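**Q** Can you keep this structure in mind? I'll have questions shortly.
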Amino acid sequence: MKSARTKTPRRPAPKKPSNPCVKDPVGVYCRVRPLSGPDQECCIEVIDETTVQIHPPEGYRIFRNGEYRETQYSFKEVFGTLVVQKQLFDVVAKPLVEDLIRGKNGLLFTYGVTGSGKTHTMTGSPGDGGLLPRCLDMIFNSIGPFQAKRFVFKLDDKNGVDVQCEVDALLERQKRDAMPIPKTPLGNRRQIDPEFVDMINVQDHCKVEDVDEDNVYSVFVSYIEIYNNYIYDLLEEAPFEPIKPKPPQSKILREDQNHNMYVTGCTEVEVKSTEEAFEVFWRGQKKRRIANTQLNRESSRSHSVFIIKLAQAPLDADGDNVLQEKEQITLSQLSLVDLAGSERTNRTKAEGNRLREAGNINQSLMTLRTCIEVLRENQLYGINKMVPYRDSKLTHLFKNYFDGEGKVRMIVCVNPKAEDYEESLQVMRFAEMTQEVEVARPADRPICGLTPGRRFRNQAFREELQRKLEMRGGPINEETEEQAVPELLLQDFPPLPSCELLDINDDQTLPKVIEVLEKRHKVRQMMSEEIARTVRSFKTALQDFHSSVASKENCIQAKLSEKEKTIAGQKMELERLEKKIKTLEYKIHILEKTATIYEEDKRNLQQELESKSQQLQRQASDKRRMEARLQGMVAETSVKWEKECERRVAAKQLEMQNKLWVKDEKLKQLKAIVTEPKNEKPERPSRVRDREKPVQRSVSPPPVPSAPPVRLRHRRSRSAGERWVDHKPPSNVPTETVMQPQVPHAITVAAASEKALAKCDKYMLTHQELASDGEIETKLIKGDVFKTRGGGQAVQFTEIETLKQESPTGRKRRSSPSNPDQPEDAADSEWTDVETRCSVAVEMRAGSALGPGYQHHAQPKRRKP
């Protein structure tokens, strides 16, 4: 019973050796196409060998403010309109061909808008071959005398190569020659197609120096296209069906054991000359999809990829045949890609299939740009973001090159005409960004270990052998040698006489024959003895040679054993060093991680330190502002309290003076009563006398008798257009006087507030008190509102109006005019000026919850006793 087979887990195969420490940037070159006509406007200018400048055409505004802007882009090298194909090939493609022969991979692709000269750069024109025919010519010029015979190398279906012996290769050639229509074109037997004979007629004879002469080489070519994100084989021979032809079948991408991408079932043709290889290319070029658009008469509608594979293997120790070891075979690859041009449908006016093709072309180019951007971000910021290679067949096919499987070169083709300005600007930006991507440099192939110069030593030996044979009379084959040995032996024997017996009584013939035979017998014995002596001497010499060879062999074996011991010791030392290297690499990896962690901590601490320093700076600035504010408040408070102390001292002085004045008045009255004569009639008290006196105001002048009385303007009329705060305390008693205080535009409040004072510029306080005669006296205290330094509102009182109601029989007001003959000191004691009566201010501090506080800011005049 068979055991059930389980699927073996896939073990990742070792990648091709590469040096991850050394990386090369993607080489980006720019080629400017000449203008089609002299009257076309040019928007691209070559500044120097590495810089181009692009400027917007006339009438084009790149910014909303209407400014023109010229932009410069730098490349590895810039090729102007006068650069020929050979100069471009020597700078861009020649290093890739040299790497191909040395066993390294390479990728070269042209990028640009439609009609910018990509296909011309890659293929060329009659009389001026492009990069592709020049690469083929350089390859065959370099490996021409070292090519292997057909079918010595045989490619398998898994992107590998096998080597066959001469017999198997001969059978393959005979089988292929027996086919009625051979697939492989034989350039030596067929006439070259006149369509491309001028393209491959390259007279440069460029070749690679220092080619390994102990290797044999074979070249295989294949040609595919990527159309609408499907891969098609341009070299596939489909059977001809006139009734219902079958469409070409698309191919699929697969990954080989070395994680390299390849096209399954793609036709790969072995070629032996430049003409044969270019004929294969031209056969596939005729099948490539092109179409006529408004921008290009022969616009490529697909991405074409021409792949050149070079298989090489060393000769054996004798230098005759190929070494039959698969591990010694090197397969390198050069991919030449002609990308389809990006285009805008509003310019090409594409419809139907052309519109679908343009969408797929732009989508694949956008995926290529996205992959380049992700690779650039991963390398710049040290992240491991997944690159979307699988979003397009184009990027999926060439992902190995960007992962470090060879050099990558890009030629940016631009058309300087003004109509392509916007597309060229996008192409320039993408190309300049591509230069920042770095690709790991592949390592050199290992050395096979055989003695170099085997091929030429074998050829020299053959030539020397041929020369010696010619000196001896020409080459000798086996038949002539077999015939010459008996002839040489028979020349030493005496000739035989005639043996014909014509008479029975003839007694001379037989004795002569017997004599000759005896002589021959003696000669034979002598020759036998000579041969025996020669054999014995040869055996002796052979034994001596054998002993010497044995002694030399023993010596060589001893030396070989010593060398093997030395090699074993060196292998052990290498293993120890490799282990040490791995240990050191692991330590370096750990140290790199630790350094990364420390750098991250350092960045975090630096950020924290910067934030703390900024916070301390803010705190220091806040502290300085607070100190300045506090100093202002202290100064304001000190000034305020100084004024308060002065006011209190002045009020206390006034109070003491008033008390002294009252005492003096009482003393005067007592003195008058005491000194008054008894027979005289007692006078009325001073108060009654003062009431009977006519009131005389010091402010208003006496009326003029001749002029009619003029009505003076009320003093409140000047504030008719101002806002007032009418402060009426709730304890006021309404009066029934005819004259009532009426203020327009007033805000009536019961208690003064900062909000009300902020809205007005005048303030009026209605104050009621009981007069000495028992009547209610109403005072209107007026003032101006202004802002204080602390942000509050202050009131400076300016005047006081008094409303009083009294009986006709009662006492008169103290302010009524007195007798003109009253003494001057009495007038001064009974009257004070407006400044003394109105120099009172109300000050309210911002944010105070206690309401306005009243302060006396002026010292009234002292009454004279």
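Naming works like this for the structure tokens: A, B, ... for the chains as they're shown, residue 1 at the start of each chain, ligands 1 onward in shown order.
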Pick out the residues sitting within 12 Å of Gln87 in chain A, and hand them over as a PyMOL selection string; count only C-alpha atoms, and ignore anything fewer than 3 positions along from it in its own chain.

**A** chain A and resi 31+77-80+82-84+90-94+121+128-131+134+204

**Q** Between CA of Met764 in chain A and CA of Gly792 in chain A, what is the distance in Å, rounded to a tenth?

**A** 18.1 Å

**Q** What does the distance between CA of Val97 in chain A and CA of Val208 in chain A come to in Å, to one decimal place?

**A**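 Answer for the CA of Val97 in chain A to CA of Val208 in chain A separation: 8.1 Å.
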
**Q** Just the residues within 9 Å of range 420-426 of chain A, please, counting only C-alpha atoms, with nothing from its chain fewer than 3 positions along; format it as a VMD selection string.

**A** chain A and resid 43 to 44 54 to 57 112 to 113 342 to 344 414 to 417 429 to 431

**Q** List as a list in words the protein and nucleic acid residues near Asp212 in chain A, meaning an atom at most 12 Å away when only C-alpha atoms are counted, but skip any in the same chain fewer than 4 places from it.

**A**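 What passes the distance filter is Glu98, Ile101, Arg102, Gly103, Ser142, Ile143, Pro145, Phe146, Gln147, Val208, Val216, Tyr217, Gln312, Ala313, Pro314, Leu315, Ile447, Cys448, Pro452, Gly453, Arg454, Arg455 and Phe456 of chain A.
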
**Q** To one decimal place, how far is CA of Leu339 in chain A from CA of Cys30 in chain A in Å?

**A** 15.1 Å

**Q** DSSP on the backbone: which residues in range 219-374 of chain A end up as strand (DSSP E or B)? Give the answer as a PyMOL selection string.

**A** chain A and resi 219-227+230-233+250-251+253-255+261-263+269-271+290-291+299-300+303-315+322+330-338+342

**Q** Can I get the selection written as a compact mmCIF listing (two decimals), in the first residue's frame, with N, CA and C atoms?

**A**
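Writing the result to part05.txt gives the following:
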```txt
# COMPACT_ATOMS: atom_id res chain seq x y z
N VAL A 219 24.04 32.45 -27.39
CA VAL A 219 23.12 33.57 -27.24
C VAL A 219 21.72 33.09 -27.61
N PHE A 220 20.75 33.43 -26.75
CA PHE A 220 19.34 33.12 -26.97
C PHE A 220 18.56 34.43 -26.89
N VAL A 221 17.62 34.60 -27.82
CA VAL A 221 16.81 35.82 -27.84
C VAL A 221 15.34 35.42 -27.80
N SER A 222 14.55 36.31 -27.20
CA SER A 222 13.09 36.17 -27.18
C SER A 222 12.50 37.56 -27.26
N TYR A 223 11.25 37.63 -27.74
CA TYR A 223 10.61 38.92 -27.98
C TYR A 223 9.14 38.81 -27.57
N ILE A 224 8.74 39.65 -26.57
CA ILE A 224 7.37 39.62 -26.08
C ILE A 224 6.82 41.04 -26.08
N GLU A 225 5.51 41.15 -25.95
CA GLU A 225 4.87 42.45 -25.79
C GLU A 225 3.80 42.35 -24.70
N ILE A 226 3.57 43.46 -24.03
CA ILE A 226 2.54 43.56 -22.99
C ILE A 226 1.46 44.48 -23.53
N TYR A 227 0.34 43.87 -23.90
CA TYR A 227 -0.76 44.60 -24.55
C TYR A 227 -2.01 44.45 -23.69
N TYR A 230 -1.73 42.11 -20.84
CA TYR A 230 -1.56 40.69 -21.16
C TYR A 230 -0.24 40.53 -21.90
N ILE A 231 0.41 39.38 -21.69
CA ILE A 231 1.71 39.12 -22.29
C ILE A 231 1.52 38.20 -23.50
N TYR A 232 2.09 38.59 -24.65
CA TYR A 232 2.00 37.81 -25.87
C TYR A 232 3.42 37.57 -26.41
N ASP A 233 3.60 36.38 -27.00
CA ASP A 233 4.88 35.98 -27.59
C ASP A 233 4.88 36.39 -29.05
N SER A 250 -2.32 34.43 -24.66
CA SER A 250 -1.49 35.18 -23.72
C SER A 250 -0.67 34.23 -22.85
N LYS A 251 0.45 34.70 -22.40
CA LYS A 251 1.36 33.92 -21.56
C LYS A 251 1.22 34.38 -20.11
N LEU A 253 3.13 34.73 -16.13
CA LEU A 253 4.40 34.93 -15.43
C LEU A 253 4.54 33.91 -14.31
N ARG A 254 5.75 33.42 -14.16
CA ARG A 254 6.04 32.49 -13.07
C ARG A 254 7.37 32.85 -12.43
N GLU A 255 7.61 32.24 -11.29
CA GLU A 255 8.82 32.50 -10.52
C GLU A 255 9.65 31.23 -10.46
N MET A 261 11.53 36.23 -12.11
CA MET A 261 10.31 36.14 -12.90
C MET A 261 10.67 35.82 -14.35
N TYR A 262 9.84 34.96 -14.98
CA TYR A 262 10.03 34.63 -16.39
C TYR A 262 8.66 34.33 -17.01
N VAL A 263 8.62 34.35 -18.33
CA VAL A 263 7.38 34.10 -19.08
C VAL A 263 7.34 32.63 -19.46
N VAL A 269 15.09 31.60 -29.10
CA VAL A 269 15.80 31.16 -30.29
C VAL A 269 17.29 31.35 -30.08
N GLU A 270 18.06 30.29 -30.40
CA GLU A 270 19.51 30.39 -30.33
C GLU A 270 20.03 30.98 -31.64
N VAL A 271 20.82 32.04 -31.52
CA VAL A 271 21.33 32.74 -32.69
C VAL A 271 22.85 32.77 -32.61
N ILE A 290 0.69 48.36 -33.49
CA ILE A 290 0.86 49.79 -33.65
C ILE A 290 -0.41 50.34 -34.27
N ALA A 291 -0.64 51.63 -34.12
CA ALA A 291 -1.85 52.25 -34.67
C ALA A 291 -1.54 53.69 -35.01
N SER A 299 2.06 54.80 -33.76
CA SER A 299 2.13 54.84 -32.30
C SER A 299 2.11 53.42 -31.74
N SER A 300 3.06 53.13 -30.87
CA SER A 300 3.11 51.81 -30.24
C SER A 300 1.97 51.69 -29.24
N HIS A 303 3.82 47.62 -24.73
CA HIS A 303 5.20 47.65 -24.26
C HIS A 303 5.93 46.43 -24.83
N SER A 304 7.03 46.65 -25.54
CA SER A 304 7.78 45.54 -26.11
C SER A 304 9.04 45.29 -25.29
N VAL A 305 9.38 44.00 -25.14
CA VAL A 305 10.54 43.59 -24.34
C VAL A 305 11.34 42.60 -25.18
N PHE A 306 12.56 42.97 -25.55
CA PHE A 306 13.48 42.10 -26.27
C PHE A 306 14.53 41.61 -25.27
N ILE A 307 14.54 40.29 -25.04
CA ILE A 307 15.38 39.70 -24.00
C ILE A 307 16.53 38.95 -24.67
N ILE A 308 17.76 39.28 -24.26
CA ILE A 308 18.97 38.61 -24.74
C ILE A 308 19.55 37.82 -23.57
N LYS A 309 19.60 36.49 -23.73
CA LYS A 309 20.18 35.62 -22.70
C LYS A 309 21.52 35.08 -23.20
N LEU A 310 22.50 35.15 -22.34
CA LEU A 310 23.84 34.66 -22.68
C LEU A 310 24.21 33.54 -21.71
N ALA A 311 24.34 32.31 -22.27
CA ALA A 311 24.75 31.14 -21.47
C ALA A 311 26.23 30.89 -21.72
N GLN A 312 26.97 30.67 -20.63
CA GLN A 312 28.40 30.42 -20.75
C GLN A 312 28.82 29.38 -19.72
N ALA A 313 29.79 28.55 -20.13
CA ALA A 313 30.30 27.49 -19.27
C ALA A 313 31.78 27.30 -19.58
N PRO A 314 32.59 26.91 -18.60
CA PRO A 314 34.03 26.73 -18.85
C PRO A 314 34.34 25.43 -19.58
N LEU A 315 35.49 25.41 -20.23
CA LEU A 315 35.99 24.19 -20.86
C LEU A 315 36.59 23.27 -19.80
N VAL A 322 33.14 21.10 -23.38
CA VAL A 322 32.50 21.90 -22.33
C VAL A 322 32.43 21.08 -21.06
N THR A 330 26.66 29.72 -16.25
CA THR A 330 26.21 31.07 -15.89
C THR A 330 25.25 31.56 -16.96
N LEU A 331 24.07 32.01 -16.51
CA LEU A 331 23.05 32.53 -17.43
C LEU A 331 22.76 33.97 -17.06
N SER A 332 23.16 34.88 -17.92
CA SER A 332 22.90 36.31 -17.71
C SER A 332 21.89 36.80 -18.73
N GLN A 333 21.28 37.96 -18.42
CA GLN A 333 20.15 38.42 -19.23
C GLN A 333 20.20 39.94 -19.36
N LEU A 334 19.93 40.43 -20.55
CA LEU A 334 19.81 41.86 -20.85
C LEU A 334 18.44 42.10 -21.47
N SER A 335 17.64 42.92 -20.81
CA SER A 335 16.28 43.22 -21.28
C SER A 335 16.25 44.64 -21.84
N LEU A 336 15.83 44.76 -23.09
CA LEU A 336 15.69 46.05 -23.77
C LEU A 336 14.21 46.31 -23.93
N VAL A 337 13.71 47.35 -23.25
CA VAL A 337 12.27 47.59 -23.16
C VAL A 337 11.95 48.91 -23.86
N ASP A 338 10.99 48.84 -24.76
CA ASP A 338 10.46 50.03 -25.43
C ASP A 338 9.05 50.25 -24.90
N SER A 342 2.92 57.61 -22.87
CA SER A 342 1.73 58.10 -22.19
C SER A 342 1.07 59.16 -23.06
```
